[in-house]
Every structure is written in C-alpha cells, then in structure tokens.
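Student: Next comes coords_19.pdb, PDB, C-alpha atoms:
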MODEL        1
ATOM      1  CA  ALA A   3      17.760 -23.437   1.465
ATOM      2  CA  HIS A   4      16.394 -23.341  -2.057
ATOM      3  CA  ARG A   5      13.878 -26.111  -2.770
ATOM      4  CA  ALA A   6      13.656 -27.949  -6.076
ATOM      5  CA  GLY A   7      10.845 -26.635  -8.244
ATOM      6  CA  GLU A   8      10.783 -23.198  -6.592
ATOM      7  CA  PRO A   9      11.952 -20.074  -8.457
ATOM      8  CA  GLU A  10      15.557 -19.133  -7.762
ATOM      9  CA  PRO A  11      15.877 -16.381  -5.141
ATOM     10  CA  ARG A  12      16.334 -12.963  -6.727
ATOM     11  CA  SER A  13      18.521 -10.153  -5.487
ATOM     12  CA  VAL A  14      16.938  -6.866  -4.446
ATOM     13  CA  GLN A  15      18.521  -5.234  -7.489
ATOM     14  CA  ASP A  16      17.052  -7.795  -9.882
ATOM     15  CA  THR A  17      13.606  -7.502  -8.331
ATOM     16  CA  VAL A  18      13.577  -3.696  -8.401
ATOM     17  CA  ARG A  19      14.815  -3.596 -11.988
ATOM     18  CA  SER A  20      12.130  -6.090 -13.022
ATOM     19  CA  LEU A  21       9.473  -3.948 -11.366
ATOM     20  CA  LEU A  22      10.743  -0.792 -13.033
ATOM     21  CA  GLU A  23      10.781  -2.562 -16.381
ATOM     22  CA  ALA A  24       7.045  -3.137 -15.938
ATOM     23  CA  SER A  25       6.368   0.570 -16.359
ATOM     24  CA  ARG A  26       8.805   1.180 -19.209
ATOM     25  CA  GLY A  27       7.215   3.091 -22.060
ATOM     26  CA  LEU A  28       3.906   3.616 -20.231
ATOM     27  CA  GLY A  29       4.535   7.182 -19.075
ATOM     28  CA  VAL A  30       3.589   6.528 -15.446
ATOM     29  CA  THR A  31       5.416   8.014 -12.490
ATOM     30  CA  VAL A  32       6.694   6.041  -9.507
ATOM     31  CA  GLU A  33       7.207   6.539  -5.801
ATOM     32  CA  VAL A  34       9.932   4.649  -3.971
ATOM     33  CA  TYR A  35      10.036   3.754  -0.277
ATOM     34  CA  ILE A  36      13.311   3.703   1.650
ATOM     35  CA  ASP A  37      13.621   3.476   5.445
ATOM     36  CA  GLY A  38       9.940   4.264   5.816
ATOM     37  CA  PHE A  39      10.046   7.431   3.708
ATOM     38  CA  ALA A  40       8.443   7.954   0.299
ATOM     39  CA  TYR A  41      10.358   9.684  -2.495
ATOM     40  CA  CYS A  42       8.974  10.942  -5.799
ATOM     41  CA  ALA A  43       9.960  12.975  -8.848
ATOM     42  CA  GLU A  44       9.976  16.752  -8.437
ATOM     43  CA  ASP A  45       7.319  17.421 -11.081
ATOM     44  CA  TYR A  46       4.907  15.008  -9.392
ATOM     45  CA  TYR A  47       5.757  16.509  -5.995
ATOM     46  CA  ARG A  48       4.948  20.033  -7.217
ATOM     47  CA  GLU A  49       1.743  19.299  -9.173
ATOM     48  CA  PRO A  50       0.154  15.886  -8.563
ATOM     49  CA  THR A  51      -2.985  16.994 -10.392
ATOM     50  CA  ASP A  52      -0.910  17.243 -13.583
ATOM     51  CA  PHE A  53      -0.858  13.446 -13.356
ATOM     52  CA  ASP A  54      -4.682  13.283 -13.352
ATOM     53  CA  LEU A  55      -4.928  12.786  -9.604
ATOM     54  CA  PRO A  56      -7.610  14.302  -7.337
ATOM     55  CA  GLU A  57      -7.137  17.892  -6.193
ATOM     56  CA  ARG A  58      -6.623  16.821  -2.574
ATOM     57  CA  MET A  59      -3.330  15.217  -3.617
ATOM     58  CA  ASP A  60      -1.856  18.693  -4.188
ATOM     59  CA  SER A  61      -1.641  19.072  -0.412
ATOM     60  CA  TYR A  62      -1.220  15.394   0.529
ATOM     61  CA  VAL A  63       1.837  14.651  -1.631
ATOM     62  CA  PRO A  64       4.022  17.579  -0.450
ATOM     63  CA  ALA A  65       3.108  16.750   3.156
ATOM     64  CA  THR A  66       4.066  13.077   2.922
ATOM     65  CA  ARG A  67       6.685  12.722   0.154
ATOM     66  CA  ARG A  68      10.252  13.893  -0.467
ATOM     67  CA  PRO A  69      11.165  15.264  -3.915
ATOM     68  CA  VAL A  70      13.990  13.851  -6.013
ATOM     69  CA  SER A  71      15.482  15.812  -8.897
ATOM     70  CA  ARG A  72      16.854  12.837 -10.864
ATOM     71  CA  MET A  73      14.737   9.806 -10.040
ATOM     72  CA  GLN A  74      16.605   7.314 -12.226
ATOM     73  CA  ASP A  75      19.935   8.210 -10.612
ATOM     74  CA  PHE A  76      18.305   8.116  -7.173
ATOM     75  CA  LEU A  77      16.948   4.622  -7.818
ATOM     76  CA  GLU A  78      20.342   3.322  -8.933
ATOM     77  CA  GLU A  79      22.158   4.894  -5.991
ATOM     78  CA  ASN A  80      19.714   3.404  -3.467
ATOM     79  CA  ILE A  81      18.701   0.179  -5.182
ATOM     80  CA  ASP A  82      19.856  -2.046  -2.292
ATOM     81  CA  SER A  83      17.687  -0.127   0.201
ATOM     82  CA  ILE A  84      14.393   0.042  -1.675
ATOM     83  CA  GLU A  85      11.518  -1.417   0.352
ATOM     84  CA  GLY A  86       8.690  -0.789  -2.070
ATOM     85  CA  LEU A  87       7.637   0.836  -5.337
ATOM     86  CA  THR A  88       4.324   2.445  -6.230
ATOM     87  CA  PHE A  89       3.192   3.026  -9.811
ATOM     88  CA  ILE A  90       0.864   6.008 -10.127
ATOM     89  CA  THR A  91      -1.804   6.300 -12.788
ATOM     90  CA  PRO A  92      -5.606   6.526 -12.728
ATOM     91  CA  ASP A  93      -5.733   4.735 -16.086
ATOM     92  CA  LYS A  94      -7.177   1.261 -15.422
ATOM     93  CA  ALA A  95      -5.831  -0.100 -18.718
ATOM     94  CA  LEU A  96      -2.285   0.961 -17.801
ATOM     95  CA  GLN A  97      -2.721  -0.498 -14.325
ATOM     96  CA  ALA A  98      -3.747  -3.800 -15.904
ATOM     97  CA  VAL A  99      -0.643  -3.768 -18.109
ATOM     98  CA  ILE A 100       1.594  -3.101 -15.102
ATOM     99  CA  ARG A 101      -0.046  -5.842 -13.034
ATOM    100  CA  SER A 102       0.328  -8.262 -15.923
ATOM    101  CA  ARG A 103       4.000  -7.412 -16.372
ATOM    102  CA  ILE A 104       4.867  -7.747 -12.680
ATOM    103  CA  GLY A 105       2.899 -10.975 -12.335
ATOM    104  CA  SER A 106       6.012 -12.984 -13.148
ATOM    105  CA  VAL A 107       8.175 -11.263 -10.510
ATOM    106  CA  HIS A 108       8.463 -13.787  -7.687
ATOM    107  CA  GLY A 109       8.231 -12.875  -3.999
ATOM    108  CA  ILE A 110       6.449  -9.528  -4.127
ATOM    109  CA  TYR A 111       3.177  -8.322  -2.649
ATOM    110  CA  VAL A 112       0.947  -6.256  -4.945
ATOM    111  CA  THR A 113      -1.904  -4.144  -3.632
ATOM    112  CA  SER A 114      -3.726  -0.833  -4.059
ATOM    113  CA  SER A 115      -4.675   1.619  -1.326
ATOM    114  CA  ALA A 116      -6.220   4.064  -3.807
ATOM    115  CA  PRO A 117      -7.700   3.774  -7.315
ATOM    116  CA  TYR A 118      -4.618   5.392  -8.874
ATOM    117  CA  TYR A 119      -1.940   3.281  -7.134
ATOM    118  CA  VAL A 120      -0.364  -0.086  -7.937
ATOM    119  CA  GLU A 121       1.816  -0.745  -4.896
ATOM    120  CA  THR A 122       4.522  -3.373  -4.505
ATOM    121  CA  ALA A 123       6.571  -4.570  -1.543
ATOM    122  CA  GLN A 124       8.382  -7.661  -0.330
ATOM    123  CA  GLY A 125       6.092 -10.680  -0.393
ATOM    124  CA  ASP A 126       5.921 -11.108   3.378
ATOM    125  CA  VAL A 127       5.001  -7.461   3.991
ATOM    126  CA  SER A 128       1.311  -6.745   4.426
ATOM    127  CA  LYS A 129      -1.202  -5.421   6.921
ATOM    128  CA  ALA A 130      -2.285  -9.006   7.575
ATOM    129  CA  SER A 131       1.262 -10.037   8.524
ATOM    130  CA  ALA A 132       1.480  -7.025  10.855
ATOM    131  CA  LEU A 133      -1.788  -7.996  12.560
ATOM    132  CA  ARG A 134      -0.628 -11.620  12.807
ATOM    133  CA  PHE A 135       2.560 -10.439  14.546
ATOM    134  CA  LEU A 136       0.577  -8.162  16.885
ATOM    135  CA  CYS A 137      -1.771 -10.982  17.916
ATOM    136  CA  SER A 138       1.201 -13.231  18.617
ATOM    137  CA  HIS A 139       2.972 -10.487  20.564
ATOM    138  CA  LEU A 140      -0.133  -9.855  22.688
ATOM    139  CA  GLY A 141      -0.833 -13.550  23.129
ATOM    140  CA  ILE A 142      -4.337 -13.426  21.670
ATOM    141  CA  GLY A 143      -6.024 -15.471  18.971
ATOM    142  CA  ARG A 144      -7.113 -13.949  15.675
ATOM    143  CA  GLU A 145     -10.730 -14.509  16.728
ATOM    144  CA  GLN A 146     -10.210 -11.886  19.436
ATOM    145  CA  ALA A 147      -9.004  -9.266  16.949
ATOM    146  CA  ALA A 148     -11.066  -6.752  15.022
ATOM    147  CA  ALA A 149      -9.689  -4.852  12.041
ATOM    148  CA  PHE A 150     -11.072  -1.901  10.111
ATOM    149  CA  GLY A 151     -10.431  -0.814   6.539
ATOM    150  CA  ASP A 152     -11.622   1.157   3.550
ATOM    151  CA  GLY A 153      -9.350   0.101   0.662
ATOM    152  CA  THR A 154      -8.624  -3.069  -1.241
ATOM    153  CA  ASN A 155      -5.214  -3.195   0.443
ATOM    154  CA  ASP A 156      -7.090  -3.919   3.705
ATOM    155  CA  ILE A 157      -8.796  -7.111   2.455
ATOM    156  CA  GLU A 158      -6.163  -9.554   3.728
ATOM    157  CA  MET A 159      -6.062  -7.842   7.118
ATOM    158  CA  ILE A 160      -9.816  -7.864   7.741
ATOM    159  CA  SER A 161     -10.014 -11.437   6.454
ATOM    160  CA  PHE A 162      -7.373 -12.496   8.983
ATOM    161  CA  ALA A 163      -9.115 -10.780  11.903
ATOM    162  CA  GLY A 164     -11.888 -12.568  13.750
ATOM    163  CA  THR A 165     -14.083  -9.572  12.970
ATOM    164  CA  GLY A 166     -13.377  -7.668   9.777
ATOM    165  CA  VAL A 167     -15.139  -4.329   9.544
ATOM    166  CA  ALA A 168     -15.490  -2.155   6.442
ATOM    167  CA  MET A 169     -16.148   1.554   6.589
ATOM    168  CA  ALA A 170     -19.263   2.812   4.798
ATOM    169  CA  ASN A 171     -16.952   4.661   2.393
ATOM    170  CA  ALA A 172     -14.930   1.486   1.667
ATOM    171  CA  SER A 173     -14.369  -0.007  -1.756
ATOM    172  CA  PRO A 174     -16.994  -2.536  -2.940
ATOM    173  CA  GLU A 175     -14.366  -5.288  -2.846
ATOM    174  CA  LEU A 176     -13.577  -4.613   0.799
ATOM    175  CA  LYS A 177     -17.247  -4.497   1.786
ATOM    176  CA  ALA A 178     -17.747  -7.875   0.125
ATOM    177  CA  ALA A 179     -14.903  -9.364   2.175
ATOM    178  CA  ALA A 180     -15.986  -7.811   5.496
ATOM    179  CA  ASP A 181     -18.060  -9.374   8.246
ATOM    180  CA  LEU A 182     -19.706  -6.046   9.038
ATOM    181  CA  VAL A 183     -19.983  -2.510   7.689
ATOM    182  CA  THR A 184     -19.845   0.472  10.042
ATOM    183  CA  ALA A 185     -20.416   4.180   9.455
ATOM    184  CA  SER A 186     -17.976   6.162   7.303
ATOM    185  CA  ASN A 187     -14.717   7.651   8.526
ATOM    186  CA  ASP A 188     -16.404  11.084   8.493
ATOM    187  CA  GLU A 189     -19.090   9.696  10.815
ATOM    188  CA  ASP A 190     -16.777   8.189  13.457
ATOM    189  CA  GLY A 191     -17.449   4.695  12.165
ATOM    190  CA  ILE A 192     -14.696   2.996  14.181
ATOM    191  CA  ALA A 193     -15.708   4.691  17.422
ATOM    192  CA  ARG A 194     -19.354   3.791  16.798
ATOM    193  CA  PHE A 195     -18.431   0.139  16.325
ATOM    194  CA  ILE A 196     -16.241   0.032  19.433
ATOM    195  CA  TYR A 197     -18.871   1.671  21.611
ATOM    196  CA  SER A 198     -21.665  -0.532  20.326
ATOM    197  CA  THR A 199     -19.535  -3.655  20.794
ATOM    198  CA  LEU A 200     -18.350  -2.839  24.308
ATOM    199  CA  ALA A 201     -21.555  -1.224  25.596
ATOM    200  CA  PRO A 202     -23.178  -1.324  27.944
ATOM    201  CA  SER A 203     -21.147  -3.312  30.477
ATOM    202  CA  ALA A 204     -17.598  -2.409  29.461
ATOM    203  CA  ILE A 205     -18.336   1.273  28.852
ATOM    204  CA  SER A 206     -20.313   1.729  32.063
ATOM    205  CA  ALA A 207     -17.460   0.186  34.023
ATOM    206  CA  VAL A 208     -15.013   2.868  32.851
TER     207      VAL A 208
ENDMDL
END
Rewrite the coordinates I just gave you, this time as structure tokens.
Tutor:
Amino acid sequence: AHRAGEPEPRSVQDTVRSLLEASRGLGVTVEVYIDGFAYCAEDYYREPTDFDLPERMDSYVPATRRPVSRMQDFLEENIDSIEGLTFITPDKALQAVIRSRIGSVHGIYVTSSAPYYVETAQGDVSKASALRFLCSHLGIGREQAAAFGDGTNDIEMISFAGTGVAMANASPELKAAADLVTASNDEDGIARFIYSTLAPSAISAV
C-alpha cells in the first residue's frame, strides 16, 4: 500500500522514459538490459572506441552485447521488459549532468562499474542485496561472509560483508570502504586472500 508522504509509485514506462530524458541532448549512447542480456546501438557495437572508450572495449562489447539497428524503436517496443539502462560516456561533466537529472527519479539504483558508465536498475537490485539473499539462503550471518571487488559498484557489497576486500587495482573509493586490500586480479589476489585466511589448518586438511 502507498504510504502518505512517499512518492507515488511509477510505472516501468514512466521510469524508463524519465531515465532516457536524462540523456536527451547530451549525445551519449545507452545500453539496455532485458532478460539478462545487454543491447546497444549498432554503431557503438561496431566501434566502441569511436565513443572515446578504451581499446579493449572493441573486443569486449561485441562479445557481450547484442546490436540493435533502431534503438529508439527497440526501447519503445520493449519498454515493459527493461531491467536496467546504462549511459556511456567518459566525460565526467556529462556524467554529473546525467546523475543530477536522474536524482529525482524515485526507486532506482545508480552505480558505476567503470569510469565511463552510469548504470541504473530497480532500487532493490544490487550486489549487496544478492549477497544478503545468499547469506540468508545459506543460513549464515553477514559476519561470516567475505566479498571482493574492484569498482565503485562493489562498495555496498563489501560494506555488507563481514570482511570486505578490495583488489590492489580497485578504485580509490572502494579501497577506502574496504577492510583489507589484497593483490590485484592479475596477481591472483582473491586466491591469495583465501589461502592466507584458511591456511594452515584448513588447507592442510584438504
């Protein structure tokens, strides 16, 4: 039931249209998530570096996204099924404008897994909520959980866990929120932490 003083519930269509309005006139491209798959405009799919993204994205995007020839039509046709939208630009000023514009959209979760993403999803969707569910499902307390991350979108998750661990290559914001910092992902940081935490008794018993 709707409580007095709370914003009126918005339909999926209203929320998505409000989010899209946030990027109007800014010249940024978007990705849309439906049923766990990411869709993007064909020109971005073909040449992500044309959008001032790192060269590695030229192989990452085609391997993980699905191209759409007419994005606006695609959005309208699937507006009831959209699970999340990502705005893509490395321009920090444009990111700030987008974040400011979507600040008034109630019930969404805003995060960033990379310096060129502003990602949005339903408000109850996050890595922290997933870890909370997993702890409940396994019947363990949060103090028994450890979580690892490298991006600002991992902050809530590692803050929820009893032990929050940042990779050496993590963002400064994540390192500040972490309990510990392990080696980088290129140096088997997670494995190093697990072995050092469980050794010697647990490892020797295997």
Student: Find the residue from A:Glu175, A:Asp188, A:Glu121, A:Glu85 that sits nearest to A:Val14; use only C-alpha atoms when measuring.
Tutor: A:Glu85
Student: Can you spell out as a PyMOL selection string the set of residues that the PyMOL selection byres ((chain A and resi 32) around 12) selects in the structure I just provided?
Tutor: chain A and resi 18+21-26+28-31+33-35+40-47+50+53+67+69-70+73-74+77+86-91+100+118-122
Student: When the PyMOL selection byres ((chain A and resi 112) around 10) is applied to the file above, which residues end up in the set, as a ChimeraX atom specification?
Tutor: /A:86-88,101,104-105,109-111,113-114,120-125,127-128,155
Student: With distances taken over all atoms listed in the file, which of A:Leu182, A:Ala170, A:Ile84, A:Met159 is nearest to A:Thr199?
Tutor: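 Ranking A:Leu182, A:Ala170, A:Ile84, A:Met159 by distance to A:Thr199, first place goes to A:Leu182.
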Student: On this structure, the PyMOL selection byres ((chain A and resi 195-197) around 12) would catch which residues? List them as an MDAnalysis selection string, sorted by chain and number.
Tutor: chainID A and resid 148:150 165:170 182:187 189:194 198:206 208
Student: Would you mind reading off the distance between atom CA of A:Ser131 and atom CA of A:Asp37, one decimal, in Å?
Tutor: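 Rounded to one decimal, the two atoms are 18.6 Å apart.
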